[in-house]
Amino acid sequence: MTSVSTVEQQRLSAWASANSRLSRNVDASAVSLAHGPAGGLADATLDALRERVRLQGWVVYDAPEREPRAIVAEMCARFALGSADRTLSGPPDGLVELREARSGNTARYTPYSRRALGWHTDGYYNPPARAIRAFVLHCVRPARHGGANAMVDPRQVAKRLHALDSTILQALSTPDMMKIPANTEGSTLLRAEISIPVFAVADDGELVMRFTNRATHIQWRGGALFERARTALIEAIEAESALAPRILLKRGQGLLCNNVLHCREAFDDGDASVAPSSGRTLLRGRYLLPVAPYASERHTLPGVQG
């Protein structure tokens, strides 16, 4: 059996202790993206967004009168998230338009369909050096019916598991807890197979989670402890999801988060005669840096420089 290293056990224990009193209060109201006298986003607006993310991992914002790409670019620049992570078929700026695809390579991926998306974190298949720490979903055009999202803070899932049995959280942090099969198209390798943990503590002291409930996309580590950990994980996600509010974004609204667990219900844009370009469209940007807490609230963990 592959065990969690002593250093990682210390890091997980330190993280759990630091977050033992993490609040479960959730505020799904939208923060208006107000601008300051100089024309950029007001400092008070940034503070409100940051505080909501600090408390619950995500925030809804409202900016109906501005161009979507400009909104996302400015907000992410002010939070110093860096450039958006490029996908296999995404545009140069990394901001992908999520809408129904009826043909082409993207049509085989669920986010580009009307189907429901189960609980997952974004980019769970990325290699460790490109772990997705934050993302934005901006609503360009809502669906005629459905398409709501729900968000769960991974910290609450980890907190629940740690309270149940700390060895479960440690098992889920085993480096090969999940194996993500390679992504191929015909004989072309698009992405190599990787092994990753469900939970890890990043060098900045924050918890990182990777997960998808799509059974064909994960091969779980075998063994009694790991099977018990997987069962406990699913039960913890289900328990937290029962508390999650349903968020139906309006045109000009968006979600900014530190890559929390999220899902999407199926949606309907009418019959097949409706062009996808006229249907539900969300702009998505993924980032390798998180919306960081205030410097005074960062945690220093064993083996990590603050």
# chains A, B, ... in the order shown; residues from 1 in each chain; ligands from 1
>>> residues_around(residues="region 239-254 of chain A", least_positions_apart="5", cutoff="10 Å", atoms="only C-alpha atoms", output="VMD selection string")
chain A and resid 24 26 to 33 59 to 68 71 to 72 119 136 to 143 145 to 154 156 to 157 160 233 to 234 261 to 265 280 to 284
>>> residues_around(residues="Arg230 (chain A)", least_positions_apart="2", cutoff="10 Å", atoms="only C-alpha atoms", output="list in words")
Ile168, Leu169, Ala171, Leu172, Met177, Val198, Trp220, Arg221, Gly222, Ala224, Leu225, Phe226, Glu227, Arg228, Ala232, Leu233, Ile234, Glu235 and Ala236 of chain A
>>> write_last_selection(atoms="N, CA and C atoms", output="JSON list (two decimals), in the first residue's frame")
[["chain", "number", "residue", "atom", "x", "y", "z"],
["A", 168, "ILE", "N", -9.30, 8.61, 6.50],
["A", 168, "ILE", "CA", -10.01, 8.65, 5.22],
["A", 168, "ILE", "C", -9.48, 9.81, 4.38],
["A", 169, "LEU", "N", -9.34, 10.98, 5.00],
["A", 169, "LEU", "CA", -8.83, 12.14, 4.28],
["A", 169, "LEU", "C", -7.40, 11.88, 3.80],
["A", 171, "ALA", "N", -6.12, 8.93, 3.10],
["A", 171, "ALA", "CA", -6.18, 7.96, 2.00],
["A", 171, "ALA", "C", -6.54, 8.65, 0.69],
["A", 172, "LEU", "N", -7.46, 9.60, 0.75],
["A", 172, "LEU", "CA", -7.87, 10.33, -0.45],
["A", 172, "LEU", "C", -6.77, 11.24, -0.97],
["A", 177, "MET", "N", -4.49, 7.85, -5.81],
["A", 177, "MET", "CA", -5.87, 7.51, -5.45],
["A", 177, "MET", "C", -6.76, 7.43, -6.69],
["A", 198, "VAL", "N", -7.18, 12.92, -4.64],
["A", 198, "VAL", "CA", -8.41, 13.71, -4.58],
["A", 198, "VAL", "C", -8.13, 15.03, -3.87],
["A", 220, "TRP", "N", -10.33, 4.12, -9.75],
["A", 220, "TRP", "CA", -10.02, 4.34, -8.35],
["A", 220, "TRP", "C", -9.05, 3.28, -7.83],
["A", 221, "ARG", "N", -8.20, 3.66, -6.91],
["A", 221, "ARG", "CA", -7.26, 2.73, -6.29],
["A", 221, "ARG", "C", -8.03, 1.67, -5.51],
["A", 222, "GLY", "N", -7.61, 0.42, -5.64],
["A", 222, "GLY", "CA", -8.27, -0.67, -4.94],
["A", 222, "GLY", "C", -7.72, -0.86, -3.53],
["A", 224, "ALA", "N", -9.16, -2.19, 0.71],
["A", 224, "ALA", "CA", -10.25, -1.92, 1.66],
["A", 224, "ALA", "C", -10.27, -0.47, 2.13],
["A", 225, "LEU", "N", -9.10, 0.08, 2.51],
["A", 225, "LEU", "CA", -9.07, 1.45, 3.01],
["A", 225, "LEU", "C", -9.50, 2.44, 1.94],
["A", 226, "PHE", "N", -9.00, 2.25, 0.72],
["A", 226, "PHE", "CA", -9.30, 3.19, -0.35],
["A", 226, "PHE", "C", -10.74, 3.07, -0.82],
["A", 227, "GLU", "N", -11.28, 1.86, -0.82],
["A", 227, "GLU", "CA", -12.69, 1.70, -1.17],
["A", 227, "GLU", "C", -13.60, 2.33, -0.12],
["A", 228, "ARG", "N", -13.21, 2.21, 1.16],
["A", 228, "ARG", "CA", -13.97, 2.86, 2.22],
["A", 228, "ARG", "C", -13.87, 4.38, 2.10],
["A", 232, "ALA", "N", -16.97, 6.99, 1.50],
["A", 232, "ALA", "CA", -17.16, 8.12, 2.41],
["A", 232, "ALA", "C", -17.14, 9.44, 1.66],
["A", 233, "LEU", "N", -16.28, 9.54, 0.65],
["A", 233, "LEU", "CA", -16.20, 10.76, -0.16],
["A", 233, "LEU", "C", -17.52, 11.03, -0.87],
["A", 234, "ILE", "N", -18.07, 10.00, -1.52],
["A", 234, "ILE", "CA", -19.34, 10.16, -2.25],
["A", 234, "ILE", "C", -20.45, 10.56, -1.28],
["A", 235, "GLU", "N", -20.49, 9.93, -0.12],
["A", 235, "GLU", "CA", -21.52, 10.25, 0.87],
["A", 235, "GLU", "C", -21.36, 11.68, 1.37],
["A", 236, "ALA", "N", -20.13, 12.13, 1.57],
["A", 236, "ALA", "CA", -19.89, 13.50, 2.04],
["A", 236, "ALA", "C", -20.31, 14.52, 0.98]]
>>> atom_distance(atom1="CA of Ala14 (chain A)", atom2="CA of Pro197 (chain A)")
18.0 Å
>>> closest_residue(among="A:Glu185, A:Glu238, A:Arg69, A:Leu289", to="Asn105 (chain A)", atoms="only C-alpha atoms")
A:Glu185
>>> closest_residue(among="A:Ala272, A:Ala215, A:Ala200, A:Cys76", to="Ala16 (chain A)", atoms="only C-alpha atoms")
A:Ala200
>>> select_by_dssp(residues="region 1-104 of chain A", states="alpha helix (DSSP H)", output="ChimeraX atom specification")
/A:6-18,43-56,68-78
